[in-house]
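Here's target24.txt, which has compact mmCIF, C-alpha atoms:
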```txt
# COMPACT_ATOMS: atom_id res chain seq x y z
CA MET Y 353 22.77 4.71 -37.55
CA SER Y 354 19.51 5.92 -39.03
CA SER Y 355 16.86 7.89 -37.21
CA GLU Y 356 14.28 5.94 -39.21
CA ASP Y 357 15.28 2.70 -37.44
CA SER Y 358 13.39 2.56 -34.15
CA ASP Y 359 15.60 -0.22 -32.77
CA TRP Y 360 19.12 1.18 -32.93
CA PRO Y 361 20.78 1.40 -29.52
CA MET Y 362 21.58 4.82 -28.09
CA ARG Y 363 24.29 6.09 -25.76
CA ILE Y 364 22.52 8.15 -23.11
CA ALA Y 365 24.15 10.15 -20.32
CA LEU Y 366 21.86 11.19 -17.48
CA VAL Y 367 23.00 13.99 -15.19
CA THR Y 368 20.85 14.08 -12.06
CA GLU Y 369 20.80 16.18 -8.92
CA THR Y 370 19.66 13.21 -6.81
CA PHE Y 371 20.18 9.46 -6.93
CA LEU Y 372 20.65 6.42 -4.73
CA PRO Y 373 20.96 5.87 -1.83
CA LYS Y 374 18.33 8.63 -1.51
CA ILE Y 375 14.82 7.44 -2.24
CA ASP Y 376 12.16 9.80 -3.60
CA GLY Y 377 9.87 10.07 -6.61
CA ILE Y 378 12.65 11.23 -8.91
CA VAL Y 379 14.97 8.40 -7.93
CA THR Y 380 12.16 5.85 -8.24
CA ARG Y 381 11.41 7.02 -11.78
CA LEU Y 382 15.11 7.02 -12.69
CA CYS Y 383 15.71 3.50 -11.38
CA HIS Y 384 12.81 2.02 -13.33
CA THR Y 385 13.82 4.00 -16.42
CA LEU Y 386 17.44 2.86 -16.25
CA ARG Y 387 16.36 -0.73 -15.78
CA HIS Y 388 14.13 -0.69 -18.88
CA LEU Y 389 16.58 1.31 -21.03
CA HIS Y 390 19.37 -1.12 -20.15
CA ALA Y 391 17.14 -4.10 -20.96
CA ALA Y 392 16.38 -2.51 -24.35
CA GLY Y 393 20.09 -2.55 -25.22
CA HIS Y 394 21.02 1.10 -24.68
CA THR Y 395 24.37 2.10 -23.18
CA LEU Y 396 23.95 4.36 -20.18
CA LEU Y 397 25.95 6.56 -17.85
CA VAL Y 398 24.63 8.30 -14.73
CA ILE Y 399 26.36 11.33 -13.27
CA ALA Y 400 25.10 12.12 -9.77
CA PRO Y 401 26.18 13.22 -6.30
CA GLN Y 402 28.47 10.59 -4.82
CA GLY Y 403 26.56 7.65 -3.36
CA VAL Y 404 26.69 4.44 -5.42
CA GLU Y 405 29.12 3.28 -8.11
CA GLU Y 406 26.67 1.43 -10.32
CA PHE Y 407 23.01 0.50 -10.70
CA GLU Y 408 22.15 -2.89 -12.19
CA GLY Y 409 24.92 -2.73 -14.78
CA THR Y 410 24.82 1.04 -15.38
CA PRO Y 411 27.95 2.85 -14.17
CA VAL Y 412 27.43 5.87 -11.91
CA CYS Y 413 30.02 8.65 -11.92
CA GLY Y 414 29.78 10.03 -8.40
CA ILE Y 415 30.65 13.68 -7.81
CA PRO Y 416 31.62 14.72 -4.25
CA GLY Y 417 28.76 16.69 -2.73
CA PHE Y 418 27.50 18.48 0.36
CA ARG Y 419 24.32 18.77 2.40
CA PHE Y 420 21.98 21.41 1.03
CA PRO Y 421 21.55 24.06 3.76
CA LEU Y 422 17.76 24.50 3.36
CA TYR Y 423 17.22 20.75 3.10
CA PRO Y 424 19.87 18.78 5.04
CA ASP Y 425 18.53 15.40 3.89
CA LEU Y 426 19.43 16.32 0.31
CA LYS Y 427 23.00 15.78 -0.82
CA THR Y 428 23.87 17.91 -3.81
CA ALA Y 429 27.00 18.53 -5.88
CA ILE Y 430 28.42 21.25 -8.08
CA PRO Y 431 30.03 20.75 -11.49
CA THR Y 432 33.68 19.71 -11.50
CA PRO Y 433 36.11 18.90 -14.34
CA ALA Y 434 35.32 15.23 -13.68
CA VAL Y 435 31.86 15.71 -15.19
CA GLY Y 436 33.24 17.04 -18.46
CA ARG Y 437 35.83 14.26 -18.65
CA ALA Y 438 33.22 11.58 -18.00
CA LEU Y 439 30.95 12.92 -20.73
CA ARG Y 440 33.78 13.31 -23.27
CA ASN Y 441 35.00 9.77 -22.60
CA PHE Y 442 31.47 8.33 -22.77
CA ARG Y 443 30.65 10.08 -26.08
CA PRO Y 444 26.87 10.11 -25.66
CA ASP Y 445 24.33 10.47 -28.44
CA LEU Y 446 22.26 12.58 -26.05
CA ILE Y 447 22.53 14.14 -22.59
CA HIS Y 448 19.52 14.14 -20.27
CA ALA Y 449 19.65 16.63 -17.38
CA VAL Y 450 17.23 15.50 -14.69
CA ASN Y 451 15.78 18.41 -12.68
CA PRO Y 452 18.89 20.55 -13.34
CA ALA Y 453 19.86 22.98 -10.59
CA LEU Y 454 23.56 22.83 -9.64
CA LEU Y 455 25.22 19.67 -10.98
CA GLY Y 456 22.92 19.79 -13.99
CA ILE Y 457 24.51 23.04 -15.16
CA SER Y 458 27.39 20.94 -16.49
CA ALA Y 459 25.00 19.24 -18.93
CA PHE Y 460 24.25 22.57 -20.64
CA PHE Y 461 27.93 23.36 -21.18
CA SER Y 462 28.83 19.81 -22.24
CA SER Y 463 25.99 19.76 -24.75
CA VAL Y 464 27.52 22.74 -26.57
CA SER Y 465 31.20 21.81 -26.20
CA ASN Y 466 30.64 18.18 -27.29
CA ARG Y 467 27.97 19.07 -29.89
CA VAL Y 468 25.46 16.69 -28.32
CA PRO Y 469 21.69 17.31 -28.07
CA LEU Y 470 20.26 18.06 -24.64
CA VAL Y 471 17.01 17.00 -22.99
CA VAL Y 472 15.97 18.34 -19.59
CA SER Y 473 13.15 17.10 -17.36
CA TYR Y 474 11.24 19.00 -14.71
CA HIS Y 475 10.29 17.07 -11.57
CA THR Y 476 10.09 19.54 -8.66
CA CYS Y 477 8.19 22.79 -8.21
CA LEU Y 478 11.31 24.59 -7.02
CA PRO Y 479 9.97 28.13 -7.64
CA GLN Y 480 6.94 27.43 -5.45
CA TYR Y 481 9.05 25.71 -2.78
CA LEU Y 482 10.78 29.03 -2.11
CA HIS Y 483 7.65 30.33 -0.38
CA TYR Y 484 7.82 27.58 2.24
CA TYR Y 485 11.37 28.60 3.20
CA GLY Y 486 10.79 32.35 3.46
CA LEU Y 487 12.25 33.06 0.02
CA GLY Y 488 9.08 33.68 -1.96
CA ARG Y 489 10.35 37.00 -3.30
CA LEU Y 490 12.89 35.02 -5.35
CA GLU Y 491 10.27 33.03 -7.28
CA GLU Y 492 10.28 35.24 -10.38
CA LEU Y 493 14.08 35.27 -10.36
CA MET Y 494 14.12 31.49 -10.32
CA TRP Y 495 11.63 31.33 -13.21
CA TRP Y 496 13.88 33.76 -15.12
CA GLY Y 497 16.87 31.47 -14.52
CA MET Y 498 14.89 28.42 -15.56
CA ARG Y 499 13.79 30.12 -18.79
CA ARG Y 500 17.42 31.00 -19.55
CA GLY Y 501 18.52 27.43 -18.91
CA TYR Y 502 15.68 25.25 -20.11
CA ASN Y 503 15.28 27.18 -23.35
CA ARG Y 504 18.83 26.15 -24.26
CA ALA Y 505 17.68 22.54 -24.37
CA ASP Y 506 16.39 20.72 -27.44
CA LEU Y 507 13.45 19.37 -25.44
CA THR Y 508 11.98 19.84 -21.97
CA LEU Y 509 10.00 16.99 -20.47
CA ALA Y 510 7.27 17.61 -17.92
CA THR Y 511 5.84 14.81 -15.81
CA SER Y 512 2.22 15.88 -16.27
CA GLN Y 513 0.06 17.95 -18.60
CA ALA Y 514 -0.51 20.46 -15.80
CA MET Y 515 3.24 20.98 -15.45
CA GLN Y 516 3.61 21.24 -19.23
CA SER Y 517 1.11 24.11 -19.16
CA GLU Y 518 2.84 25.77 -16.22
CA LEU Y 519 6.23 25.65 -17.92
CA GLU Y 520 4.80 27.02 -21.15
CA ASP Y 521 2.98 29.78 -19.24
CA HIS Y 522 6.35 30.84 -17.84
CA GLY Y 523 7.94 31.08 -21.27
CA ILE Y 524 9.63 27.70 -21.55
CA ARG Y 525 9.55 26.27 -25.07
CA ARG Y 526 9.61 22.85 -26.68
CA VAL Y 527 7.84 21.08 -23.79
CA GLN Y 528 6.42 17.57 -24.01
CA VAL Y 529 5.04 15.15 -21.41
CA TRP Y 530 7.04 12.17 -20.18
CA ARG Y 531 4.43 9.46 -19.57
CA ARG Y 532 4.00 8.38 -15.95
CA GLY Y 533 4.63 4.87 -14.72
CA VAL Y 534 4.11 2.63 -11.68
CA ASP Y 535 5.19 -0.86 -10.64
CA THR Y 536 1.84 -2.65 -10.70
CA VAL Y 537 3.38 -5.93 -9.53
CA MET Y 538 5.01 -4.55 -6.41
CA PHE Y 539 2.10 -2.26 -5.56
CA HIS Y 540 -0.94 -4.52 -5.38
CA PRO Y 541 -3.95 -4.94 -3.06
CA SER Y 542 -2.72 -8.42 -2.14
CA ARG Y 543 0.22 -6.87 -0.25
CA ALA Y 544 -2.05 -5.92 2.68
CA THR Y 545 -1.14 -7.63 5.96
CA PRO Y 546 -2.71 -7.59 9.45
CA GLN Y 547 0.76 -6.99 10.88
CA MET Y 548 1.32 -3.81 8.88
CA ARG Y 549 -2.14 -2.51 9.71
CA ALA Y 550 -1.58 -3.15 13.42
CA ARG Y 551 1.76 -1.36 13.22
CA LEU Y 552 0.47 1.70 11.37
CA THR Y 553 -2.57 2.05 13.65
CA ASP Y 554 -0.30 1.77 16.70
CA GLY Y 555 -2.10 -1.36 17.84
CA HIS Y 556 -5.67 -0.27 16.96
CA PRO Y 557 -6.39 -2.08 13.66
CA GLU Y 558 -10.15 -1.71 14.14
CA ASP Y 559 -9.89 2.07 13.64
CA LYS Y 560 -9.88 3.71 10.22
CA LEU Y 561 -6.36 4.12 8.84
CA LEU Y 562 -5.38 7.24 6.89
CA LEU Y 563 -1.91 7.08 5.38
CA TYR Y 564 0.64 9.65 4.28
CA LEU Y 565 3.87 8.36 2.75
CA GLY Y 566 6.69 10.61 1.59
CA ARG Y 567 9.11 13.28 2.75
CA LEU Y 568 8.36 14.97 6.04
CA SER Y 569 9.13 18.46 4.80
CA VAL Y 570 7.44 21.81 5.14
CA GLU Y 571 6.24 22.05 1.51
CA LYS Y 572 4.19 18.85 1.92
CA GLU Y 573 1.78 20.72 4.25
CA ILE Y 574 1.20 17.66 6.43
CA GLU Y 575 -0.20 19.87 9.18
CA GLN Y 576 -3.44 19.98 7.16
CA CYS Y 577 -4.12 16.39 8.27
CA ARG Y 578 -4.83 17.53 11.83
CA HIS Y 579 -8.10 19.09 10.64
CA VAL Y 580 -9.16 15.64 9.48
CA LEU Y 581 -8.34 13.98 12.79
CA ALA Y 582 -10.27 16.64 14.70
CA ALA Y 583 -13.33 16.28 12.45
CA LEU Y 584 -13.39 12.48 12.15
CA PRO Y 585 -13.17 10.58 15.46
CA GLY Y 586 -12.08 6.97 15.03
CA VAL Y 587 -9.53 7.83 12.33
CA ARG Y 588 -5.81 7.25 12.87
CA LEU Y 589 -3.07 8.85 10.82
CA ALA Y 590 0.16 7.08 9.91
CA LEU Y 591 3.04 9.18 8.62
CA VAL Y 592 5.54 6.99 6.77
CA GLY Y 593 8.83 8.64 5.89
CA ASP Y 594 11.35 11.00 7.35
CA GLY Y 595 12.73 14.44 6.70
CA PRO Y 596 13.81 17.78 8.13
CA HIS Y 597 10.31 18.70 9.36
CA ARG Y 598 9.75 15.57 11.46
CA ARG Y 599 10.54 17.06 14.88
CA LYS Y 600 8.14 19.96 14.37
CA LEU Y 601 5.46 17.58 13.12
CA GLU Y 602 5.88 15.36 16.19
CA GLU Y 603 5.27 18.41 18.37
CA TYR Y 604 2.32 19.57 16.26
CA PHE Y 605 0.56 16.18 16.29
CA ALA Y 606 1.26 15.43 19.96
CA GLY Y 607 -1.88 14.17 21.65
CA THR Y 608 -3.51 13.07 18.40
CA PRO Y 609 -3.89 9.50 17.08
CA THR Y 610 -0.85 9.91 14.81
CA TYR Y 611 1.87 7.31 14.39
CA PHE Y 612 5.30 8.19 13.00
CA ALA Y 613 6.43 5.03 11.25
CA GLY Y 614 9.77 6.29 9.99
CA PHE Y 615 11.33 5.21 6.72
CA LEU Y 616 10.08 2.03 5.04
CA GLN Y 617 11.49 0.25 1.98
CA GLY Y 618 10.50 -2.29 -0.64
CA LEU Y 619 7.59 -4.58 0.16
CA ASP Y 620 6.97 -2.80 3.46
CA VAL Y 621 6.01 0.29 1.44
CA ALA Y 622 3.68 -1.79 -0.71
CA ALA Y 623 2.14 -3.35 2.40
CA ALA Y 624 1.59 0.09 3.95
CA PHE Y 625 -0.37 1.30 0.92
CA ALA Y 626 -2.45 -1.86 0.66
CA SER Y 627 -3.20 -2.00 4.40
CA ALA Y 628 -4.56 1.56 4.61
CA ASP Y 629 -8.17 2.64 4.10
CA ALA Y 630 -7.25 5.88 2.29
CA PHE Y 631 -4.18 7.86 1.30
CA ILE Y 632 -3.79 11.62 1.69
CA LEU Y 633 -1.28 13.91 -0.03
CA PRO Y 634 -1.91 17.48 1.20
CA SER Y 635 0.84 19.08 -0.91
CA ARG Y 636 -0.08 21.74 -3.47
CA THR Y 637 3.30 21.62 -5.23
CA GLU Y 638 3.39 18.16 -6.83
CA THR Y 639 4.60 18.05 -10.42
CA LEU Y 640 2.92 14.65 -10.70
CA GLY Y 641 2.60 12.84 -7.36
CA LEU Y 642 4.00 9.40 -8.20
CA VAL Y 643 3.08 8.29 -4.70
CA LEU Y 644 -0.60 8.76 -5.62
CA LEU Y 645 -0.24 6.29 -8.48
CA GLU Y 646 1.50 3.79 -6.17
CA ALA Y 647 -1.36 4.05 -3.68
CA MET Y 648 -3.93 3.55 -6.44
CA ALA Y 649 -2.06 0.50 -7.74
CA ALA Y 650 -2.32 -0.94 -4.24
CA GLY Y 651 -6.07 -0.35 -4.27
CA CYS Y 652 -5.92 2.54 -1.82
CA PRO Y 653 -8.18 5.48 -2.80
CA VAL Y 654 -6.46 8.86 -2.64
CA VAL Y 655 -7.43 12.35 -1.52
CA THR Y 656 -5.34 15.35 -2.59
CA PRO Y 657 -5.75 19.03 -3.49
CA ARG Y 658 -6.67 19.99 -7.03
CA ALA Y 659 -3.27 21.59 -7.63
CA GLY Y 660 -0.10 20.93 -9.58
CA GLY Y 661 0.00 17.66 -11.47
CA THR Y 662 -2.38 15.69 -9.25
CA SER Y 663 -5.36 16.14 -11.58
CA ASP Y 664 -3.43 14.21 -14.23
CA ILE Y 665 -3.56 11.16 -11.96
CA VAL Y 666 -6.72 11.35 -9.87
CA GLN Y 667 -10.18 11.10 -11.44
CA ASP Y 668 -12.35 12.97 -8.96
CA GLY Y 669 -14.98 10.66 -7.50
CA VAL Y 670 -13.68 7.69 -9.51
CA THR Y 671 -10.21 6.77 -8.27
CA GLY Y 672 -10.14 9.21 -5.36
CA TYR Y 673 -11.03 12.80 -4.59
CA LEU Y 674 -9.64 16.22 -5.47
CA TYR Y 675 -10.49 19.07 -3.11
CA ASP Y 676 -10.15 22.84 -3.10
CA PRO Y 677 -6.65 23.66 -1.81
CA ALA Y 678 -7.91 27.01 -0.46
CA ASP Y 679 -10.26 25.22 1.96
CA PRO Y 680 -8.39 23.87 5.03
CA GLN Y 681 -11.37 21.58 5.70
CA GLY Y 682 -11.59 20.48 2.06
CA ALA Y 683 -10.35 16.95 2.68
CA VAL Y 684 -12.81 16.21 5.50
CA ASP Y 685 -16.00 15.42 3.55
CA PRO Y 686 -14.41 13.14 0.91
CA LEU Y 687 -12.48 11.29 3.60
CA ARG Y 688 -15.62 10.90 5.74
CA ARG Y 689 -17.33 9.19 2.82
CA LEU Y 690 -14.31 7.06 1.95
CA LEU Y 691 -13.50 5.95 5.46
CA PHE Y 692 -17.01 5.33 6.79
CA ASP Y 693 -18.76 3.94 3.70
CA SER Y 694 -17.12 0.59 3.06
CA ALA Y 695 -19.08 -0.13 -0.12
CA HIS Y 696 -18.07 3.21 -1.63
CA ARG Y 697 -14.48 2.70 -0.57
CA GLY Y 698 -14.48 -0.75 -2.18
CA THR Y 699 -15.74 0.67 -5.46
CA LEU Y 700 -13.09 3.40 -5.59
CA SER Y 701 -10.43 0.89 -4.55
CA ARG Y 702 -11.21 -1.35 -7.53
CA GLN Y 703 -11.41 1.61 -9.90
CA ALA Y 704 -8.11 3.01 -8.64
CA ARG Y 705 -6.40 -0.33 -9.25
CA ASP Y 706 -7.94 -0.67 -12.71
CA ASP Y 707 -6.71 2.80 -13.67
CA ALA Y 708 -3.19 2.19 -12.39
CA GLU Y 709 -2.81 -1.01 -14.41
CA GLN Y 710 -2.48 0.97 -17.65
CA TRP Y 711 0.59 2.90 -16.42
CA GLY Y 712 3.43 0.37 -16.40
CA TRP Y 713 7.07 1.47 -16.50
CA ALA Y 714 7.74 -0.37 -19.77
CA ALA Y 715 5.30 1.90 -21.64
CA ALA Y 716 6.64 4.99 -19.85
CA THR Y 717 10.18 4.13 -20.93
CA ARG Y 718 9.13 3.47 -24.53
CA ASN Y 719 7.61 6.95 -24.47
CA LEU Y 720 10.93 8.38 -23.25
CA GLU Y 721 12.81 6.48 -25.97
CA GLN Y 722 10.53 8.08 -28.56
CA HIS Y 723 11.37 11.52 -27.19
CA TYR Y 724 15.09 10.73 -27.31
CA ARG Y 725 14.89 9.43 -30.88
CA SER Y 726 12.90 12.43 -32.01
CA VAL Y 727 15.60 14.79 -30.71
CA ILE Y 728 18.45 12.75 -32.20
CA GLY Y 729 16.60 12.40 -35.50
CA LEU Y 730 16.13 16.15 -35.72
CA GLU Y 731 19.82 16.61 -34.96
CA GLN Y 732 20.83 14.60 -38.01
CA HIS Y 733 18.93 16.89 -40.38
CA LEU Y 734 19.71 20.25 -38.76
CA PRO Y 735 23.01 21.08 -40.54
CA ALA Y 736 21.35 20.99 -43.96
CA GLN Y 737 18.20 22.75 -42.76
CA ILE Y 738 20.18 25.56 -41.13
CA ALA Y 739 22.45 25.94 -44.15
CA GLN Y 740 19.41 26.30 -46.43
CA ARG Y 741 18.07 29.16 -44.34
CA ARG Y 742 21.37 30.90 -43.62
CA THR Y 743 21.43 34.03 -45.79
CA PRO Y 744 22.69 37.56 -45.01
CA ASP Y 745 19.18 38.94 -44.54
CA VAL Y 746 17.91 36.17 -42.23
CA SER Y 747 18.73 36.50 -38.53
CA VAL Y 748 19.61 33.69 -36.15
CA ASP Y 749 16.38 34.35 -34.23
CA VAL Y 750 14.29 33.83 -37.36
CA ILE Y 751 16.09 30.58 -38.19
CA CYS Y 752 15.65 29.28 -34.62
CA ASP Y 753 11.96 30.16 -34.58
CA ASP Y 754 11.41 28.57 -37.99
CA LEU Y 755 13.12 25.32 -36.99
CA GLN Y 756 11.90 25.45 -33.38
CA ILE Y 757 15.40 25.10 -32.01
CA SER Y 758 17.37 26.98 -29.37
CA LYS Y 759 20.30 29.29 -30.02
CA ALA Y 760 22.45 26.76 -28.18
CA THR Y 761 21.43 24.16 -30.76
CA PHE Y 762 22.19 26.66 -33.53
CA ARG Y 763 25.70 27.21 -32.11
CA ARG Y 764 26.31 23.46 -31.95
CA HIS Y 765 26.04 23.44 -35.74
CA ALA Y 766 28.26 26.44 -36.40
CA HIS Y 767 30.36 24.29 -38.70
CA ALA Y 768 27.38 24.23 -41.10
CA LEU Y 769 26.69 27.94 -40.92
CA GLN Y 770 29.32 29.46 -43.18
CA ARG Y 771 27.97 32.30 -45.25
CA PRO Y 772 27.89 31.77 -49.01
CA PRO Y 773 31.01 32.89 -50.90
CA GLY Y 774 31.09 36.63 -51.60
CA ASN Y 775 29.03 37.53 -48.47
```

What would the structure in this file look like if it were written as structure tokens?
Amino acid sequence: MSSEDSDWPMRIALVTETFLPKIDGIVTRLCHTLRHLHAAGHTLLVIAPQGVEEFEGTPVCGIPGFRFPLYPDLKTAIPTPAVGRALRNFRPDLIHAVNPALLGISAFFSSVSNRVPLVVSYHTCLPQYLHYYGLGRLEELMWWGMRRGYNRADLTLATSQAMQSELEDHGIRRVQVWRRGVDTVMFHPSRATPQMRARLTDGHPEDKLLLYLGRLSVEKEIEQCRHVLAALPGVRLALVGDGPHRRKLEEYFAGTPTYFAGFLQGLDVAAAFASADAFILPSRTETLGLVLLEAMAAGCPVVTPRAGGTSDIVQDGVTGYLYDPADPQGAVDPLRRLLFDSAHRGTLSRQARDDAEQWGWAAATRNLEQHYRSVIGLEQHLPAQIAQRRTPDVSVDVICDDLQISKATFRRHAHALQRPPGN
């Protein structure tokens, strides 16, 4: 197996904190990635909280889990001996820890014990989420823990350039961007239906339809949408999704033209996007906002704060609008123009679709393969490179900085680090 050959198949183990049957942006990305990696001939293993046993030919090692106290809809798991056994038996070329928090800790230990390179990817603004649950004082502690963990990896993948900068600003090294992707066949303007529009407008299809689709959770700041409804008569809001904050949202939006559609799947999701006049994502903590790209692919212009990774996706005034997150009324003016100027909305709809067409999952997965191969290729040359630099007067820190590797990577190659005879 040569790192110079771009076609050799890899054995990839992915350890993820969340997977099917749960549906969210992370799971959506994983499912498309697994599908394309499998089609490319790679051998895969997923380790995740117990839920499904396989995904389209990829085995899933399910670890018994529990409901996360702060977020009951999320089932999580802690490392058990079964994780180590599964990884030893699978003998991966590389381990990928997806959004590591609890279960993902096992990937760090297995990387060292099995002498296998480690990639981690960052998908959720967990440090910022703490503020929404009354735990904001722990943010710096969480960043400290993430630095300690992520800097043990050979590579950290961010889902947007904004998140790459944020990670680097907090002292995390060796960060690259994992290209975004969207299913441009499933999400298409042609999926619009009168039936879905009538449903989401609660029987008033002639009104303007503003859509939110995603988790109903406190960090999504969905309450901000009420300012829009108060300022723009004739607009109806459809909230598609479910989550721990739903009951409070139902109370908060009582008496407003808001329809709680519940959880939708498959083509119903595509029809919801395509049938709406505009999409709003009020959250300021998106690492990317995959749902924005899905809306754009369906020809639905988007409005979202200029925060997190959203500016990587939305071209302000071209495919949607970015507004000042400090202004609670910031979404009103762009939505007024979008919703009540049909010609303008049509222009942005076409431009949003055109932009989304360049972001297919096949290209995103090829980008991930390149990252994997780069890490594995570096691994093959490290023993000799470390041995060349290993002298009594050169410290481990200097060697790691010179080679841009972690101390965990250095320890994996301890067999090549014997001091010269006589030292």

Practice problem: For Cys652 (chain Y), please output as a VMD selection string all residues within 6 Å (counting all atoms listed in the file; exclusion window: fewer than 3 positions along the same chain). | Solution: chain Y and resid 630 647 to 648 701

Contact residues around Leu519 (chain Y) with all atoms listed in the file at 10 Å, ignoring same-chain residues under 3 positions, as a PDB file with C-alpha atoms, in the frame of the given file:
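Written out: out25.pdb:
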```
ATOM      1  CA  TYR Y 474      11.240  19.000 -14.710  1.00  0.00           C
ATOM      2  CA  TRP Y 495      11.630  31.330 -13.210  1.00  0.00           C
ATOM      3  CA  MET Y 498      14.890  28.420 -15.560  1.00  0.00           C
ATOM      4  CA  ARG Y 499      13.790  30.120 -18.790  1.00  0.00           C
ATOM      5  CA  TYR Y 502      15.680  25.250 -20.110  1.00  0.00           C
ATOM      6  CA  THR Y 508      11.980  19.840 -21.970  1.00  0.00           C
ATOM      7  CA  LEU Y 509      10.000  16.990 -20.470  1.00  0.00           C
ATOM      8  CA  ALA Y 510       7.270  17.610 -17.920  1.00  0.00           C
ATOM      9  CA  GLN Y 513       0.060  17.950 -18.600  1.00  0.00           C
ATOM     10  CA  ALA Y 514      -0.510  20.460 -15.800  1.00  0.00           C
ATOM     11  CA  MET Y 515       3.240  20.980 -15.450  1.00  0.00           C
ATOM     12  CA  GLN Y 516       3.610  21.240 -19.230  1.00  0.00           C
ATOM     13  CA  HIS Y 522       6.350  30.840 -17.840  1.00  0.00           C
ATOM     14  CA  GLY Y 523       7.940  31.080 -21.270  1.00  0.00           C
ATOM     15  CA  ILE Y 524       9.630  27.700 -21.550  1.00  0.00           C
ATOM     16  CA  ARG Y 525       9.550  26.270 -25.070  1.00  0.00           C
ATOM     17  CA  ARG Y 526       9.610  22.850 -26.680  1.00  0.00           C
ATOM     18  CA  VAL Y 527       7.840  21.080 -23.790  1.00  0.00           C
TER      19      VAL Y 527
END
```

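In this comparison, which uses all atoms listed in the file, the residue of Y:Trp360, Y:Trp530, Y:Phe418, Y:Trp711 approaching Gly393 (chain Y) most closely is Y:Trp360.
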
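CA of Leu446 (chain Y) is found 19.2 Å from CA of Pro433 (chain Y).
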
Quiz item: What would the list of residues within 6 Å of (18.6, 31.7, -32.9) (file frame) look like as a list in words, if all atoms listed in the file are what count?
Solution: Val748, Asp749, Ile751, Cys752 and Lys759 of chain Y

Could you write out that same residue set with C-alpha atoms as an mmCIF file, in the frame of the given file?
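Saved the output as selection.cif:
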```
data_model
loop_
_atom_site.group_PDB
_atom_site.id
_atom_site.type_symbol
_atom_site.label_atom_id
_atom_site.label_comp_id
_atom_site.auth_asym_id
_atom_site.auth_seq_id
_atom_site.Cartn_x
_atom_site.Cartn_y
_atom_site.Cartn_z
ATOM 1 C CA VAL Y 748 19.610 33.690 -36.150
ATOM 2 C CA ASP Y 749 16.380 34.350 -34.230
ATOM 3 C CA ILE Y 751 16.090 30.580 -38.190
ATOM 4 C CA CYS Y 752 15.650 29.280 -34.620
ATOM 5 C CA LYS Y 759 20.300 29.290 -30.020
#
```

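Counting all atoms listed in the file, the residue from Y:Asp745, Y:Glu638, Y:Glu709, Y:Glu492 that sits nearest to Lys572 (chain Y) is Y:Glu638.
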
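Close contacts of Pro609 (chain Y), defined as residues with an atom at most 8 Å away when counting all atoms listed in the file, with chain neighbours fewer than 4 positions off set aside, comprise Leu581, Val587, Arg588 and Leu589 of chain Y.
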
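You can rank Y:Val643, Y:Leu690, Y:Ile399, Y:Ala606 by their closest distance to Ile378 (chain Y) using all atoms listed in the file, and at the top of that list sits Y:Val643.
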
Produce a table with one row for each residue of region 504-599 of chain Y that has an atom at most 12 Å from any atom of region 670-679 of chain Y, each row naming the nearest atom pair and its distance in Å at one decimal; use all atoms listed in the file; arrange rows by chain and rising residue number; format as a Markdown table.
```
| residue | atom | partner | partner_atom | distance |
| --- | --- | --- | --- | --- |
| Y:Glu573 | CA | Y:Pro677 | CA | 10.8 |
| Y:Gln576 | CA | Y:Asp679 | CA | 10.1 |
| Y:His579 | CA | Y:Asp679 | CA | 10.8 |
```
